[in-house]
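S.K.: I am sharing my_file38.cif, which consists of mmCIF, C-alpha atoms and all ligand atoms:
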```cif
data_upload
#
loop_
_atom_site.label_atom_id
_atom_site.label_comp_id
_atom_site.auth_asym_id
_atom_site.auth_seq_id
_atom_site.Cartn_x
_atom_site.Cartn_y
_atom_site.Cartn_z
CA MET A 16 -23.58 39.92 -9.96
CA VAL A 17 -24.13 41.82 -13.18
CA THR A 18 -23.16 45.42 -12.75
CA ALA A 19 -23.34 48.15 -15.30
CA SER A 20 -19.79 48.72 -16.45
CA ALA A 21 -18.66 52.23 -15.79
CA LEU A 22 -16.07 52.07 -18.51
CA PRO A 23 -16.15 50.70 -22.03
CA PRO A 24 -14.11 47.50 -22.44
CA THR A 25 -10.45 47.70 -23.38
CA GLU A 26 -8.30 44.90 -24.69
CA ALA A 27 -6.00 45.12 -21.68
CA ARG A 28 -8.92 44.78 -19.28
CA ILE A 29 -10.32 41.78 -21.15
CA TRP A 30 -6.95 40.02 -21.03
CA GLN A 31 -6.86 40.65 -17.25
CA LEU A 32 -10.28 39.08 -16.84
CA LEU A 33 -9.38 36.08 -18.98
CA GLU A 34 -6.47 35.39 -16.61
CA GLU A 35 -9.16 34.71 -13.99
CA VAL A 36 -10.88 32.02 -16.07
CA SER A 37 -9.47 28.60 -15.26
CA ASP A 38 -9.32 25.31 -17.13
CA PRO A 39 -12.17 23.22 -15.64
CA GLU A 40 -10.10 20.03 -15.85
CA VAL A 41 -6.86 21.46 -14.50
CA PRO A 42 -8.12 24.29 -12.28
CA VAL A 43 -4.64 25.60 -11.35
CA LEU A 44 -4.20 26.71 -14.95
CA SER A 45 -5.80 29.83 -16.33
CA ILE A 46 -6.87 29.65 -19.94
CA LEU A 47 -3.99 32.03 -20.70
CA ASP A 48 -1.51 29.60 -19.11
CA LEU A 49 -3.00 26.89 -21.27
CA GLY A 50 -2.41 29.02 -24.37
CA ILE A 51 -5.84 28.65 -25.90
CA VAL A 52 -6.77 32.34 -26.23
CA ARG A 53 -5.70 33.41 -29.70
CA ALA A 54 -7.04 36.94 -29.86
CA VAL A 55 -9.08 39.61 -28.15
CA ALA A 56 -10.71 42.33 -30.21
CA VAL A 57 -12.66 45.27 -28.86
CA ALA A 58 -14.79 47.58 -30.98
CA GLY A 59 -16.86 49.98 -28.91
CA GLU A 60 -19.03 47.80 -26.66
CA HIS A 61 -18.32 44.68 -28.70
CA VAL A 62 -15.83 42.13 -27.44
CA THR A 63 -14.65 39.17 -29.51
CA VAL A 64 -12.54 36.47 -27.89
CA THR A 65 -11.03 33.82 -30.18
CA ILE A 66 -10.10 30.49 -28.63
CA THR A 67 -8.48 27.33 -30.03
CA PRO A 68 -9.57 23.88 -28.86
CA THR A 69 -6.88 21.68 -27.33
CA TYR A 70 -8.23 18.33 -28.54
CA SER A 71 -11.08 17.88 -31.05
CA GLY A 72 -13.42 16.19 -28.62
CA CYS A 73 -12.36 18.07 -25.49
CA PRO A 74 -15.58 18.50 -23.48
CA ALA A 75 -13.95 21.34 -21.53
CA MET A 76 -14.13 23.65 -24.53
CA SER A 77 -17.82 24.47 -24.25
CA ALA A 78 -17.43 24.87 -20.49
CA ILE A 79 -14.55 27.29 -21.10
CA ALA A 80 -16.58 29.31 -23.60
CA THR A 81 -19.39 29.56 -21.03
CA ASP A 82 -16.96 30.55 -18.26
CA ILE A 83 -15.47 33.31 -20.42
CA ARG A 84 -18.93 34.60 -21.18
CA LEU A 85 -19.96 34.57 -17.51
CA ARG A 86 -16.76 36.30 -16.36
CA LEU A 87 -17.18 39.11 -18.89
CA LEU A 88 -20.91 39.43 -18.23
CA ALA A 89 -20.13 39.85 -14.54
CA GLU A 90 -18.12 42.95 -15.48
CA GLY A 91 -21.12 44.29 -17.36
CA TYR A 92 -19.79 43.49 -20.82
CA THR A 93 -22.76 42.12 -22.71
CA GLN A 94 -21.85 42.35 -26.40
CA LEU A 95 -19.81 39.18 -26.56
CA ILE A 96 -18.71 36.84 -29.30
CA ILE A 97 -16.66 33.76 -28.41
CA LYS A 98 -15.15 32.38 -31.59
CA ASN A 99 -13.61 28.96 -32.15
CA GLN A 100 -10.63 28.78 -34.43
CA ILE A 101 -9.07 25.41 -35.16
CA SER A 102 -6.21 26.46 -37.41
CA PRO A 103 -3.35 26.77 -36.63
CA ALA A 104 -3.90 23.77 -34.39
CA TRP A 105 -3.21 24.20 -30.69
CA THR A 106 0.16 23.04 -29.46
CA THR A 107 1.60 22.68 -25.97
CA ASP A 108 4.34 25.10 -27.12
CA TRP A 109 1.76 27.80 -26.42
CA MET A 110 1.59 26.91 -22.74
CA SER A 111 3.18 29.64 -20.61
CA ALA A 112 6.24 29.13 -18.38
CA ALA A 113 4.10 30.11 -15.40
CA GLY A 114 1.55 27.48 -16.44
CA ARG A 115 4.21 24.78 -16.61
CA ALA A 116 5.48 25.62 -13.11
CA LYS A 117 1.91 25.60 -11.74
CA LEU A 118 1.25 22.21 -13.33
CA GLU A 119 4.28 20.59 -11.71
CA GLU A 120 3.41 22.06 -8.34
CA TYR A 121 -0.11 20.65 -8.75
CA GLY A 122 1.32 17.15 -9.35
CA ILE A 123 1.10 16.97 -13.15
CA ALA A 124 4.36 16.74 -15.09
CA PRO A 125 4.44 19.60 -17.63
CA PRO A 126 4.92 18.92 -21.36
CA ILE A 127 8.47 18.59 -22.63
CA ASP A 128 8.63 20.47 -25.94
CA GLY A 129 9.82 18.69 -29.02
CA THR A 130 8.84 15.23 -27.82
CA ALA A 131 5.49 14.83 -29.54
CA THR A 132 4.71 11.38 -30.86
CA GLY A 133 4.97 12.26 -34.51
CA HIS A 134 6.90 9.12 -35.40
CA ILE A 135 4.33 6.39 -35.60
CA LEU A 136 6.99 3.86 -36.48
CA ASN A 137 8.69 4.46 -33.15
CA LEU A 138 6.48 1.75 -31.72
CA PHE A 139 6.84 1.14 -27.99
CA GLY A 140 9.02 4.23 -27.84
CA GLN A 141 8.07 6.80 -25.23
CA ASP A 142 8.51 10.53 -24.85
CA THR A 143 11.80 11.54 -23.25
CA ALA A 144 12.29 10.96 -19.54
CA VAL A 145 9.49 12.74 -17.78
CA ARG A 146 10.35 14.10 -14.35
CA CYS A 147 8.25 12.87 -11.43
CA PRO A 148 6.37 15.92 -10.13
CA LEU A 149 6.56 14.57 -6.57
CA CYS A 150 10.13 13.39 -5.95
CA LYS A 151 11.64 14.97 -9.10
CA SER A 152 13.24 11.71 -10.19
CA ALA A 153 13.71 11.25 -13.94
CA HIS A 154 13.44 7.52 -13.37
CA THR A 155 9.87 7.08 -14.65
CA HIS A 156 7.99 5.04 -17.22
CA LEU A 157 4.96 5.43 -19.45
CA VAL A 158 1.96 3.37 -18.33
CA SER A 159 -0.49 4.55 -20.98
CA GLN A 160 -0.44 7.20 -23.67
CA PHE A 161 -4.09 7.87 -22.83
CA GLY A 162 -4.80 9.24 -19.36
CA SER A 163 -7.63 10.71 -17.35
CA THR A 164 -8.31 13.39 -19.98
CA ALA A 165 -7.40 13.72 -23.66
CA CYS A 166 -4.39 15.95 -22.89
CA LYS A 167 -2.68 13.66 -20.40
CA ALA A 168 -0.70 10.43 -20.41
CA LEU A 169 -0.31 8.14 -17.42
CA TYR A 170 3.18 7.65 -15.96
CA GLN A 171 4.63 5.96 -12.92
CA CYS A 172 7.73 6.94 -10.95
CA ASP A 173 10.23 4.10 -10.50
CA ASP A 174 11.73 5.70 -7.40
CA CYS A 175 8.82 6.87 -5.25
CA ARG A 176 6.45 4.46 -7.09
CA GLU A 177 3.76 7.13 -7.35
CA PRO A 178 1.59 7.12 -10.48
CA PHE A 179 1.16 10.57 -12.02
CA ASP A 180 -0.28 12.42 -15.00
CA TYR A 181 1.94 13.86 -17.71
CA PHE A 182 0.53 16.72 -19.76
CA LYS A 183 1.68 15.25 -23.05
CA CYS A 184 3.55 17.24 -25.64
CA HIS A 185 1.24 18.04 -28.52
CA ALA A 186 3.02 19.79 -31.34
CA MET B 27 -30.05 -6.95 -48.84
CA LEU B 28 -31.06 -3.34 -48.90
CA PRO B 29 -32.05 -1.78 -52.19
CA THR B 30 -29.23 0.12 -53.79
CA GLN B 31 -29.50 3.77 -52.97
CA PRO B 32 -28.50 6.35 -55.49
CA GLU B 33 -25.27 7.97 -54.36
CA LEU B 34 -25.53 11.41 -52.89
CA THR B 35 -24.07 13.67 -55.50
CA ALA B 36 -23.65 17.34 -56.07
CA ALA B 37 -26.74 17.23 -58.24
CA SER B 38 -29.01 16.36 -55.31
CA THR B 39 -29.33 19.98 -54.31
CA ALA B 40 -28.91 23.02 -56.42
CA THR B 41 -26.57 24.88 -54.10
CA ALA B 42 -24.62 22.16 -52.29
CA SER B 43 -20.89 22.10 -52.79
CA PRO B 44 -19.48 19.01 -54.54
CA LEU B 45 -17.55 18.36 -51.32
CA PHE B 46 -20.73 17.88 -49.28
CA PRO B 47 -21.16 14.10 -49.73
CA PHE B 48 -17.48 13.48 -49.05
CA VAL B 49 -17.38 15.57 -45.88
CA LEU B 50 -20.55 13.82 -44.74
CA GLN B 51 -18.89 10.47 -45.38
CA LEU B 52 -15.91 11.48 -43.24
CA ALA B 53 -18.30 12.63 -40.50
CA ASP B 54 -20.33 9.40 -40.56
CA THR B 55 -17.17 7.31 -40.46
CA SER B 56 -15.73 9.03 -37.41
CA LEU B 57 -19.10 9.12 -35.63
CA ILE B 58 -19.89 5.44 -36.11
CA LEU B 59 -16.45 4.30 -35.01
CA ALA B 60 -16.57 6.67 -32.03
CA HIS B 61 -19.89 5.13 -31.04
CA ARG B 62 -18.54 1.59 -31.35
CA LEU B 63 -15.51 2.48 -29.19
CA SER B 64 -17.70 4.18 -26.62
CA GLU B 65 -19.53 0.86 -26.16
CA TRP B 66 -16.32 -0.37 -24.49
CA CYS B 67 -16.55 2.26 -21.76
CA GLY B 68 -16.54 0.41 -18.44
CA HIS B 69 -15.87 -2.95 -20.16
CA GLY B 70 -12.19 -2.60 -21.14
CA PRO B 71 -9.84 -5.47 -20.26
CA VAL B 72 -7.89 -3.23 -17.86
CA LEU B 73 -8.50 0.31 -16.64
CA GLU B 74 -5.73 1.91 -18.72
CA GLN B 75 -7.06 0.39 -21.93
CA ASP B 76 -10.64 1.26 -21.05
CA LEU B 77 -9.44 4.87 -20.81
CA ALA B 78 -7.54 4.59 -24.08
CA LEU B 79 -10.64 3.35 -25.90
CA ALA B 80 -12.75 6.17 -24.44
CA ASN B 81 -10.08 8.75 -25.32
CA ILE B 82 -9.95 7.60 -28.92
CA ALA B 83 -13.75 7.61 -29.08
CA LEU B 84 -13.77 11.19 -27.85
CA ASP B 85 -11.16 12.33 -30.38
CA LEU B 86 -13.18 10.76 -33.21
CA LEU B 87 -16.41 12.29 -31.94
CA GLY B 88 -14.78 15.71 -31.90
CA GLU B 89 -13.51 15.16 -35.42
CA ALA B 90 -16.98 14.02 -36.54
CA ARG B 91 -18.51 17.21 -35.14
CA SER B 92 -16.10 19.38 -37.10
CA TYR B 93 -17.03 17.53 -40.29
CA TYR B 94 -20.79 17.63 -39.61
CA GLN B 95 -20.66 21.37 -38.95
CA TYR B 96 -18.79 21.88 -42.19
CA ALA B 97 -21.11 19.53 -44.09
CA ALA B 98 -24.14 21.43 -42.81
CA GLU B 99 -22.68 24.67 -44.13
CA LEU B 100 -21.74 23.09 -47.46
CA GLU B 101 -25.24 21.75 -47.91
CA GLY B 102 -26.78 25.10 -47.11
CA GLN B 103 -30.28 23.68 -46.64
CA GLY B 104 -30.72 24.73 -43.03
CA ARG B 105 -29.81 21.37 -41.55
CA ALA B 106 -27.46 21.56 -38.55
CA GLU B 107 -24.88 19.06 -37.29
CA ASP B 108 -27.39 17.33 -35.03
CA ASP B 109 -29.89 16.90 -37.88
CA LEU B 110 -27.21 15.19 -39.95
CA ALA B 111 -26.07 12.92 -37.13
CA TYR B 112 -29.40 12.06 -35.55
CA LEU B 113 -32.11 12.28 -38.16
CA ARG B 114 -30.80 10.33 -41.15
CA PRO B 115 -31.72 6.68 -41.72
CA ALA B 116 -29.10 3.95 -42.15
CA VAL B 117 -29.31 3.93 -45.97
CA GLU B 118 -28.23 7.57 -46.01
CA TYR B 119 -25.15 6.88 -43.90
CA ARG B 120 -21.95 6.78 -45.94
CA ASN B 121 -19.45 5.18 -43.54
CA PRO B 122 -17.45 2.20 -44.82
CA LEU B 123 -18.59 -1.21 -43.55
CA LEU B 124 -15.46 -1.67 -41.43
CA VAL B 125 -16.35 0.89 -38.77
CA GLU B 126 -19.88 -0.41 -38.14
CA GLN B 127 -18.66 -3.96 -37.40
CA PRO B 128 -19.42 -4.97 -33.80
CA ASN B 129 -16.67 -4.79 -31.19
CA GLY B 130 -16.28 -8.55 -30.65
CA ASP B 131 -13.42 -9.25 -28.27
CA PHE B 132 -10.48 -6.93 -27.62
CA ALA B 133 -8.45 -8.42 -30.50
CA HIS B 134 -11.37 -7.85 -32.86
CA THR B 135 -11.61 -4.20 -31.79
CA ILE B 136 -7.84 -3.79 -32.19
CA VAL B 137 -7.79 -5.17 -35.74
CA ARG B 138 -10.73 -2.96 -36.75
CA GLN B 139 -8.98 0.03 -35.20
CA PHE B 140 -5.63 -0.75 -36.79
CA LEU B 141 -7.13 -1.04 -40.28
CA PHE B 142 -8.97 2.23 -39.81
CA ASP B 143 -6.12 4.16 -38.12
CA ASN B 144 -3.59 3.15 -40.74
CA PHE B 145 -5.74 4.54 -43.56
CA HIS B 146 -7.08 7.49 -41.54
CA TYR B 147 -3.58 8.71 -40.71
CA GLN B 148 -2.51 8.73 -44.36
CA LEU B 149 -5.81 10.26 -45.51
CA LEU B 150 -5.47 13.13 -43.02
CA LYS B 151 -1.91 13.76 -44.18
CA GLY B 152 -3.27 14.11 -47.71
CA LEU B 153 -6.23 16.30 -46.69
CA LYS B 154 -3.99 18.55 -44.59
CA ASP B 155 -2.11 19.56 -47.74
CA GLY B 156 -5.25 19.74 -49.86
CA PRO B 157 -6.75 22.84 -51.50
CA ASP B 158 -9.85 23.15 -49.30
CA ALA B 159 -8.78 25.32 -46.36
CA ARG B 160 -11.50 24.21 -43.95
CA LEU B 161 -10.94 20.51 -44.57
CA ALA B 162 -7.18 21.09 -44.31
CA SER B 163 -7.56 22.73 -40.91
CA ILE B 164 -9.73 19.91 -39.54
CA ALA B 165 -7.22 17.39 -40.89
CA GLU B 166 -4.27 19.27 -39.40
CA LYS B 167 -5.92 19.14 -35.99
CA SER B 168 -7.05 15.51 -36.24
CA LEU B 169 -3.74 14.26 -37.60
CA LYS B 170 -2.00 14.86 -34.28
CA GLU B 171 -4.59 12.71 -32.55
CA ALA B 172 -4.64 10.06 -35.27
CA ALA B 173 -0.88 9.55 -34.81
CA TYR B 174 -1.50 8.53 -31.20
CA HIS B 175 -4.32 6.21 -32.27
CA LEU B 176 -2.21 4.47 -34.89
CA LYS B 177 0.70 4.03 -32.50
CA TRP B 178 -1.64 2.50 -29.92
CA SER B 179 -3.41 0.08 -32.27
CA SER B 180 -0.11 -0.90 -33.95
CA GLU B 181 1.46 -1.72 -30.60
CA TRP B 182 -1.52 -3.83 -29.62
CA MET B 183 -1.39 -5.73 -32.93
CA ILE B 184 2.19 -6.63 -32.04
CA ARG B 185 1.48 -7.51 -28.40
CA LEU B 186 -1.39 -9.77 -29.35
CA GLY B 187 0.33 -11.37 -32.34
CA ASP B 188 3.62 -11.97 -30.57
CA GLY B 189 1.96 -12.65 -27.22
CA THR B 190 0.44 -15.84 -25.84
CA PRO B 191 -1.10 -18.67 -27.88
CA GLU B 192 -4.51 -17.39 -26.77
CA SER B 193 -3.90 -13.77 -27.83
CA ARG B 194 -2.49 -15.00 -31.12
CA ARG B 195 -5.48 -17.25 -31.75
CA ARG B 196 -7.84 -14.33 -31.19
CA LEU B 197 -5.82 -11.97 -33.36
CA ASP B 198 -5.75 -14.50 -36.20
CA LYS B 199 -9.51 -14.91 -35.94
CA ALA B 200 -10.07 -11.15 -36.04
CA ILE B 201 -7.80 -10.76 -39.05
CA ALA B 202 -9.66 -13.55 -40.85
CA THR B 203 -12.98 -11.79 -40.17
CA LEU B 204 -12.08 -8.15 -40.72
CA TRP B 205 -9.35 -7.96 -43.36
CA ARG B 206 -11.95 -8.08 -46.13
CA PHE B 207 -13.33 -4.71 -45.02
CA ALA B 208 -10.03 -2.84 -45.43
CA GLY B 209 -10.30 -2.64 -49.22
CA GLU B 210 -13.33 -0.38 -49.12
CA LEU B 211 -11.30 2.36 -47.43
CA THR B 212 -9.01 2.80 -50.45
CA THR B 213 -11.57 1.94 -53.15
CA PRO B 214 -13.05 5.24 -54.33
CA THR B 215 -16.77 5.57 -54.98
CA ALA B 216 -17.97 7.47 -58.04
CA THR B 217 -18.28 10.57 -55.84
CA GLU B 218 -14.76 10.18 -54.51
CA THR B 219 -13.33 9.58 -57.98
CA GLN B 220 -15.00 12.75 -59.21
CA LEU B 221 -13.51 14.75 -56.32
CA GLN B 222 -10.11 13.16 -56.83
CA GLU B 223 -10.19 14.27 -60.45
CA LEU B 224 -10.92 17.80 -59.23
CA GLY B 225 -7.95 17.49 -56.86
CA LEU B 226 -10.15 17.99 -53.77
CA VAL B 227 -9.59 14.51 -52.33
CA PRO B 228 -6.22 12.72 -52.18
CA ASP B 229 -5.66 9.96 -54.70
CA TYR B 230 -6.07 6.73 -52.71
CA ALA B 231 -3.72 4.84 -55.00
CA ALA B 232 -1.01 7.27 -53.90
CA LEU B 233 -1.79 6.64 -50.21
CA ARG B 234 -1.74 2.87 -50.56
CA PRO B 235 2.06 2.28 -50.51
CA ALA B 236 2.45 4.00 -47.13
CA VAL B 237 -0.56 2.12 -45.72
CA GLN B 238 0.82 -1.20 -47.00
CA ALA B 239 4.35 -0.50 -45.75
CA HIS B 240 3.11 0.17 -42.23
CA THR B 241 0.90 -2.93 -42.30
CA ALA B 242 3.87 -5.05 -43.41
CA HIS B 243 6.06 -3.58 -40.67
CA VAL B 244 3.48 -4.19 -37.93
CA LEU B 245 2.60 -7.72 -39.07
CA ALA B 246 6.30 -8.64 -39.24
CA GLU B 247 6.84 -7.38 -35.68
CA ALA B 248 3.73 -9.29 -34.63
CA THR B 249 5.17 -12.44 -36.24
CA VAL B 250 1.92 -12.74 -38.23
CA PRO B 251 2.18 -13.76 -41.90
CA GLU B 252 0.55 -11.24 -44.19
CA PRO B 253 -2.89 -12.51 -45.23
CA ALA B 254 -3.53 -12.98 -48.94
CA PRO B 255 -5.50 -9.92 -50.09
CA PRO B 256 -9.13 -10.97 -49.71
CA PHE B 257 -11.98 -9.97 -51.99
CA ALA B 258 -12.84 -6.45 -50.82
CA GLN B 259 -16.27 -6.19 -49.25
CA LEU B 260 -17.75 -2.89 -50.47
CA GLY B 261 -21.05 -1.15 -49.90
CA GLY B 262 -21.09 1.14 -46.86
CA LYS B 263 -19.80 4.21 -48.66
CA SER B 264 -22.71 3.82 -51.11
CA GLY B 265 -25.29 3.32 -48.37
CA ARG B 266 -25.45 -0.49 -48.55
CA HIS B 267 -24.81 -1.43 -44.96
CA SER B 268 -24.66 -4.56 -42.85
CA GLU B 269 -27.53 -5.17 -40.44
CA HIS B 270 -25.30 -3.94 -37.60
CA LEU B 271 -25.67 -0.27 -38.53
CA GLY B 272 -29.43 -0.21 -37.96
CA TYR B 273 -29.05 -1.48 -34.40
CA LEU B 274 -26.24 0.98 -33.75
CA LEU B 275 -28.28 3.93 -35.02
CA ALA B 276 -31.32 2.83 -33.04
CA GLU B 277 -29.27 3.42 -29.93
CA LEU B 278 -27.33 6.46 -31.13
CA GLN B 279 -30.42 8.29 -32.40
CA TYR B 280 -32.84 7.15 -29.72
CA LEU B 281 -33.08 10.41 -27.80
CA GLN B 282 -33.60 12.70 -30.80
CA ARG B 283 -36.12 10.30 -32.33
CA THR B 284 -38.08 10.07 -29.10
CA TYR B 285 -37.87 13.71 -28.11
CA PRO B 286 -37.39 15.61 -31.40
CA GLY B 287 -35.47 18.84 -31.00
CA LEU B 288 -34.36 18.10 -27.47
CA THR B 289 -31.28 20.08 -26.40
CA TRP B 290 -29.14 20.06 -23.27
ZN ZN C 301 8.73 10.04 -7.80
#
```
Please rewrite the model in this file as structure tokens.

M.R.:
Amino acid sequence: MVTASALPPTEARIWQLLEEVSDPEVPVLSILDLGIVRAVAVAGEHVTVTITPTYSGCPAMSAIATDIRLRLLAEGYTQLIIKNQISPAWTTDWMSAAGRAKLEEYGIAPPIDGTATGHILNLFGQDTAVRCPLCKSAHTHLVSQFGSTACKALYQCDDCREPFDYFKCHA
Amino acid sequence: MLPTQPELTAASTATASPLFPFVLQLADTSLILAHRLSEWCGHGPVLEQDLALANIALDLLGEARSYYQYAAELEGQGRAEDDLAYLRPAVEYRNPLLVEQPNGDFAHTIVRQFLFDNFHYQLLKGLKDGPDARLASIAEKSLKEAAYHLKWSSEWMIRLGDGTPESRRRLDKAIATLWRFAGELTTPTATETQLQELGLVPDYAALRPAVQAHTAHVLAEATVPEPAPPFAQLGGKSGRHSEHLGYLLAELQYLQRTYPGLTW
């Protein structure tokens, strides 16, 4: 697969290639949709991509770093640095509009901005009404704040009764 | 009882930053609790709570890694995060006694988690605004996760306390066993006091009112009378551990001890 690149890398080209790298846990999302790529810097043959982890222990992060590396290597770019930057901390506000639409279509309710659980005294309170990605009803309830992966909560629809994942707001 | 170990101090190495022992203590604390929680995986009372326990374990493991990486750099002796996590004996671990206590039943795990989360949340708030940029950035990231943890353990305190006679009996038993370990969290060691005087670590006395207010709120909702403050059981942060830590580390460190240097 590795071909000698005819052209030196450009920032625009690198951004295009990053659009083709998907989140291993939510494969409909590219890492750009997810909002974890902070910066791309090109200096001659050298490419530096800076990414921000979603959750501290997210096991997808090392897979994503490897996938970025492999995608760029396949284009013949070999001088690569993938940097991790934890501050400012990732927030779901960085998720693109396209990403949110793709999530809902995939069956995961997208994050509703401004509803992060910052208020620890709001015990038993839940994020605002989350729309069921299947029947679009807003008549849903929180089953568990902790879902199948660190970034998701578990909800159930009270109309169509379907359980679904909610990509929880993290701000 | 284990012989008293001298505290790790800045003087132990010529070049190590004074923050090194404190960052290592934070790392050990998150790692040991993450390991305890991971022991629940596949054994939770219901699937959703099994997932919650595993999620919290993962968050704490991620946080521990950030601290170990930073500690390794602060020490500057060529040790990496894995060396610090896998190749130190129990007496060198600096986690408070609370987090090494065995899981017991679900109520026992919830009380341990609540005591930890309540302090952890306030500590991270303090570290986030602290002068050390790296520690502040780790705290900023972890604080978002810690808020979810505290909400979860607080809600379970209330469900169990104000639940059935059986859940209440178990919660009372866990409180009677574990409350004595809470004091160590806010009792500074000599190392911590030194760093607090330098302004690098938040003053625990200043964190205590918020910790106590939340405890009072949760216990009231749980219809549980506030226990009289017990004699605080100290030791872990100075390397004097209960026997439980040795067994835990035997499992946690098994692979690296058996196959030194093994990587994925
Ligand atoms: Zn529905």

S.K.: Per residue of chain B within 6 Å of chain A, record the nearest atom pair and its distance in Å to one decimal, counting only C-alpha atoms, with rows in chain order and ascending residue number, as JSON lines.

M.R.:
```
{"residue": "B:Ala78", "atom": "CA", "partner": "A:Phe161", "partner_atom": "CA", "distance": 4.9}
{"residue": "B:Asn81", "atom": "CA", "partner": "A:Ala165", "partner_atom": "CA", "distance": 5.9}
{"residue": "B:Leu84", "atom": "CA", "partner": "A:Gly72", "partner_atom": "CA", "distance": 5.1}
{"residue": "B:Asp85", "atom": "CA", "partner": "A:Gly72", "partner_atom": "CA", "distance": 4.8}
{"residue": "B:Leu87", "atom": "CA", "partner": "A:Gly72", "partner_atom": "CA", "distance": 5.9}
{"residue": "B:Gly88", "atom": "CA", "partner": "A:Gly72", "partner_atom": "CA", "distance": 3.6}
{"residue": "B:Glu89", "atom": "CA", "partner": "A:Ser71", "partner_atom": "CA", "distance": 5.7}
{"residue": "B:Ser163", "atom": "CA", "partner": "A:Ser102", "partner_atom": "CA", "distance": 5.3}
{"residue": "B:Lys167", "atom": "CA", "partner": "A:Ala104", "partner_atom": "CA", "distance": 5.3}
{"residue": "B:Lys177", "atom": "CA", "partner": "A:Ile135", "partner_atom": "CA", "distance": 5.3}
```

S.K.: Could you give me, as a ChimeraX atom specification, every polymer residue with an atom at most 7 Å away from an atom of ligand ZN 301 (chain C), counting only C-alpha atoms and all ligand atoms?

M.R.: /A:147-152,172-177

S.K.: Pick from A:Lys167, A:Arg86, A:Lys117, A:Lys183: nearest to Ala144 of chain A, with all atoms listed in the file counted?

M.R.: A:Lys183

S.K.: Using all atoms listed in the file, determine which residues lie at most 7 Å from segment 50-58 of chain A, disregarding the query and same-chain residues fewer than 2 positions distant; provide the list as JSON, numbers by chain.

M.R.: {"A": [24, 25, 26, 46, 47, 48, 60, 61, 62, 63, 64, 65, 66, 67, 68, 109, 110, 111]}

S.K.: Tell me which protein, DNA and RNA residues are within 6 Å of segment 49-66 of chain B, counting all atoms listed in the file, leaving out same-chain ones fewer than 6 positions away, and put them as a PyMOL selection string.

M.R.: chain B and resi 79-80+83+86-87+90+93-94+97+120-121+125

S.K.: Rank nothing, just name the residue among A:Leu22, A:Ile97, A:Ala116, A:Val41 nearest to Ser77 of chain A, using all atoms listed in the file.

M.R.: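 Ranked by minimum distance to Ser77 of chain A, first place goes to A:Ile97.
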
S.K.: So the first atom is atom CA of Gly59 of chain A and the second is atom CA of Ala80 of chain A; what is the distance between them in Å, to one decimal place?

M.R.: 21.3 Å

S.K.: Compare B:Leu281, B:Lys263, B:Met183, B:Leu221 by their minimum atom-to-atom distance to Ala116 of chain B, counting all atoms listed in the file, and give me the closest one.

M.R.: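 Comparing B:Leu281, B:Lys263, B:Met183, B:Leu221 against Ala116 of chain B, the winner is B:Lys263.
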
S.K.: Kindly give the distance, in Å, that separates atom CA of Ala133 of chain B and atom CA of Leu197 of chain B, rounded to a single decimal.

M.R.: 5.3 Å

S.K.: Measure the distance from atom CA of Val117 of chain B to atom CA of Glu269 of chain B in Å and round it to one decimal.

M.R.: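 A separation of 10.8 Å between them.
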
S.K.: Would you mind listing what lies within 12 Å of Thr81 of chain A as number ranges by chain, with only C-alpha atoms counted and same-chain residues fewer than 2 positions away left out?

M.R.: A: 36-39, 64, 74-79, 83-88, 95-98

S.K.: Counting all atoms listed in the file, I want the residues whose atoms come within 10 Å of (-2.9, 11.1, -45.3) in the file frame, returned as a ChimeraX atom specification.

M.R.: /B:144-155,165,169,228-230,232-234,236-237

S.K.: Got a sec: who's within 10 Å of Pro251 of chain B, counting only C-alpha atoms, leaving out chain neighbours fewer than 6 positions off, as a list in words?

M.R.: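 The neighbour list is Asp198, Ala242 and Leu245 of chain B.
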
S.K.: Under the rule that only C-alpha atoms are counted, which of A:Trp30, A:Tyr92, A:Phe179, A:Tyr121 is the nearest residue to Leu44 of chain A?

M.R.: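 The shortest atom-to-atom distance to Leu44 of chain A comes from A:Tyr121.
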
S.K.: Would you kindly return, as a PyMOL selection string, each protein, DNA or RNA residue with an atom no farther than 9 Å from any atom of Pro256 of chain B, considering all atoms listed in the file and excluding same-chain residues fewer than 6 positions away?

M.R.: chain B and resi 205-207+209
